[in-house]
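Everything below belongs to run_18.csv, which stores CSV, C-alpha atoms (C1' of nucleotides).
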```
chain,number,residue,atom,x,y,z
A,1,MET,CA,27.2,-12.4,32.7
A,2,LYS,CA,23.7,-11.1,33.0
A,3,LYS,CA,22.1,-10.1,29.8
A,4,THR,CA,20.2,-6.9,29.9
A,5,PHE,CA,16.5,-6.9,29.1
A,6,PHE,CA,17.3,-5.3,25.7
A,7,ALA,CA,19.7,-8.2,24.9
A,8,LYS,CA,16.9,-10.7,25.5
A,9,VAL,CA,14.6,-8.7,23.4
A,10,TYR,CA,17.0,-8.7,20.5
A,11,ASP,CA,17.5,-12.4,21.0
A,12,VAL,CA,13.8,-13.1,20.8
A,13,ALA,CA,13.3,-10.7,17.9
A,14,ARG,CA,16.0,-12.5,15.9
A,15,ARG,CA,14.1,-15.8,16.1
A,16,ILE,CA,11.0,-14.5,14.5
A,17,PRO,CA,10.5,-16.6,11.4
A,18,LYS,CA,10.1,-15.0,8.0
A,19,GLY,CA,6.5,-14.3,7.0
A,20,LYS,CA,5.4,-14.0,10.6
A,21,VAL,CA,5.2,-11.1,13.0
A,22,ALA,CA,5.2,-10.8,16.8
A,23,THR,CA,3.7,-8.2,19.0
A,24,TYR,CA,5.6,-6.1,21.4
A,25,LYS,CA,3.8,-7.8,24.1
A,26,ASP,CA,4.7,-11.3,22.9
A,27,ILE,CA,8.3,-10.3,22.8
A,28,ALA,CA,8.2,-8.8,26.2
A,29,ARG,CA,6.7,-12.0,27.5
A,30,LEU,CA,9.3,-14.2,25.8
A,31,ALA,CA,12.0,-11.8,27.0
A,32,GLY,CA,10.8,-12.5,30.6
A,33,ASN,CA,8.6,-9.6,31.4
A,34,PRO,CA,5.1,-9.6,29.9
A,35,LYS,CA,4.5,-6.0,31.0
A,36,ALA,CA,7.7,-4.6,29.5
A,37,GLN,CA,6.3,-4.0,26.0
A,38,ARG,CA,7.3,-0.4,26.4
A,39,ALA,CA,10.8,-1.3,27.1
A,40,VAL,CA,10.6,-3.6,24.1
A,41,GLY,CA,9.7,-0.7,21.9
A,42,MET,CA,12.6,1.2,23.3
A,43,ALA,CA,14.9,-1.7,22.5
A,44,MET,CA,13.8,-1.7,18.9
A,45,LYS,CA,14.4,2.0,18.5
A,46,ASN,CA,17.7,1.7,20.3
A,47,ASN,CA,18.4,-1.4,18.2
A,48,PRO,CA,22.2,-2.2,17.9
A,49,ASP,CA,21.9,-3.3,14.3
A,50,ILE,CA,18.9,-3.2,12.1
A,51,LYS,CA,20.5,-5.9,10.0
A,52,ILE,CA,20.7,-8.5,12.7
A,53,VAL,CA,17.4,-7.7,14.4
A,54,PRO,CA,14.3,-7.9,12.2
A,55,CYS,CA,12.5,-5.1,13.9
A,56,HIS,CA,10.2,-4.9,11.0
A,57,ARG,CA,8.6,-8.2,12.1
A,58,VAL,CA,7.4,-6.6,15.3
A,59,VAL,CA,4.0,-4.9,15.3
A,60,GLY,CA,1.5,-3.7,17.8
A,61,SER,CA,-1.1,-5.9,19.5
A,62,ASP,CA,-3.7,-4.8,16.9
A,63,GLY,CA,-1.5,-5.6,14.0
A,64,LYS,CA,-0.8,-1.9,13.7
A,65,MET,CA,2.7,-0.7,13.6
A,66,HIS,CA,4.1,2.4,15.3
A,67,GLY,CA,7.4,3.1,13.8
A,68,TYR,CA,10.5,1.9,12.1
A,69,SER,CA,13.9,3.1,12.8
A,70,ALA,CA,15.3,2.0,9.4
A,71,LYS,CA,15.1,3.9,6.2
A,72,GLY,CA,11.7,4.4,4.7
A,73,GLY,CA,10.0,4.3,8.1
A,74,ILE,CA,6.6,2.6,8.4
A,75,ALA,CA,6.0,2.5,4.7
A,76,SER,CA,9.1,0.5,4.2
A,77,LYS,CA,8.2,-1.8,7.1
A,78,ILE,CA,4.8,-2.6,5.6
A,79,ARG,CA,6.4,-3.3,2.2
A,80,LEU,CA,9.0,-5.6,3.7
A,81,LEU,CA,6.4,-7.6,5.6
A,82,LYS,CA,4.2,-7.9,2.6
A,83,LYS,CA,7.2,-9.1,0.7
A,84,GLU,CA,7.9,-11.8,3.3
A,85,GLY,CA,4.4,-13.1,2.9
A,86,VAL,CA,2.7,-11.4,5.9
A,87,VAL,CA,-1.0,-11.0,5.3
A,88,PHE,CA,-2.1,-7.4,5.4
A,89,VAL,CA,-5.6,-5.9,5.6
A,90,GLU,CA,-5.6,-2.3,4.6
A,91,ASN,CA,-2.7,-1.0,6.7
A,92,ARG,CA,-2.9,-3.7,9.3
A,93,VAL,CA,-1.4,-7.1,9.8
A,94,ASN,CA,-3.8,-10.0,10.0
A,95,LEU,CA,-2.5,-11.4,13.3
A,96,ASN,CA,-4.9,-14.2,13.1
A,97,ILE,CA,-2.8,-15.6,10.3
A,98,SER,CA,0.6,-14.0,10.5
A,99,ARG,CA,1.2,-14.0,14.2
A,100,TRP,CA,4.3,-15.8,15.4
A,101,ASN,CA,3.9,-18.4,18.1
A,102,LYS,CA,0.3,-18.7,17.5
A,103,LEU,CA,0.2,-22.5,17.1
A,104,LYS,CA,2.0,-25.3,15.3
A,105,GLY,CA,5.1,-23.8,13.9
B,1,DC,C1',19.2,8.9,42.8
B,2,DA,C1',15.3,11.6,40.1
B,3,DT,C1',13.4,12.5,35.8
B,4,DT,C1',12.4,11.7,31.1
B,5,DT,C1',11.5,8.8,27.2
B,6,DG,C1',8.4,5.9,24.0
B,7,DA,C1',8.0,1.8,17.9
B,8,DC,C1',2.8,-0.5,24.1
B,9,DA,C1',-1.7,-2.1,25.8
B,10,DG,C1',-6.2,-1.9,27.4
B,11,DG,C1',-10.1,0.5,28.7
B,12,DA,C1',-13.5,4.3,28.7
B,13,DA,C1',-16.1,8.0,26.4
C,1,DC,C1',-14.0,4.2,14.6
C,2,DT,C1',-11.2,7.9,17.1
C,3,DT,C1',-9.5,10.2,21.1
C,4,DC,C1',-7.9,10.5,25.8
C,5,DC,C1',-6.2,8.5,30.0
C,6,DT,C1',-4.0,5.2,33.0
C,7,DG,C1',-0.5,1.4,34.2
C,8,DC,C1',3.7,-0.5,33.5
C,9,DC,C1',8.6,-1.1,32.2
C,10,DA,C1',13.9,-0.7,31.3
C,11,DA,C1',17.3,2.4,29.5
C,12,DA,C1',19.1,6.9,28.9
C,13,DT,C1',20.1,11.5,30.7
```

Rewritten as structure tokens:
Amino acid sequence: MKKTFFAKVYDVARRIPKGKVATYKDIARLAGNPKAQRAVGMAMKNNPDIKIVPCHRVVGSDGKMHGYSAKGGIASKIRLLKKEGVVFVENRVNLNISRWNKLKG
DNA sequence: CATTTGACAGGAA
DNA sequence: CTTCCTGCCAAAT
């Protein structure tokens, strides 16, 4: 049973801890292909269930976010992240602090 | 099998 | 800082 790349992406996205965010690139890398960040974005948008995949914890490499398939769109995404404790600066995530996998869990 | 899609990333101007 | 272009990918059509 070979998992599709999307399945791996969902699996990785699910293990993002609360209060942290990961970049599309990070997920692509953890999913097995560091260059497949575009496919990662596609997976998010094609997400099977927004409830089991915390897509809102996935942001761009700059801490900027591009979209959100769930209700409310980006605005809601920002709000959720803030609520979880992610550090924001203006409309950007402070990856230096809130990036997952950075160091020492 | 060919083409299109995009919630990317990195670089250049 | 913004805008435009290029490279790359897997899934969908």

Which residues of chain C sit at most 8 Å from chain A, using only C-alpha atoms (C1' of nucleotides)? Give each one's shortest atom pair and distance in Å (one decimal place), in chain and ascending residue order, as a tab-separated table.
```
residue	atom	partner	partner_atom	distance
C:DC8	C1'	A:Lys35	CA	6.1
C:DC9	C1'	A:Ala36	CA	4.5
C:DA10	C1'	A:Ala39	CA	5.3
C:DA11	C1'	A:Ala39	CA	7.9
```

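Between atom CA of A:Val59 and atom C1' of C:DT3 the separation is 21.1 Å.
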
Open item on the list: Quick check: residues of chain A within 7 Å of chain B, all atoms listed in the file, returned as a PyMOL selection string.
Closed with: chain A and resi 24+37-38+41-42+44-45+66-68

Open item on the list: I'd like the interatomic distance between atom C1' of C:DC4 and atom CA of A:Gly63, to a tenth of an Å.
Closed with: 21.0 Å

- [ ] Can you pull out every residue within 9 Å of A:Ala22, counting all atoms listed in the file, but drop anything in the same chain fewer than 2 positions away, and send it as a PyMOL selection string?
- [x] chain A and resi 13+16+20+24-27+57-61+63+95+98-101

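One distance worth recording is that between atom CA of A:Asn96 and atom CA of A:Thr23, which is 12.0 Å.
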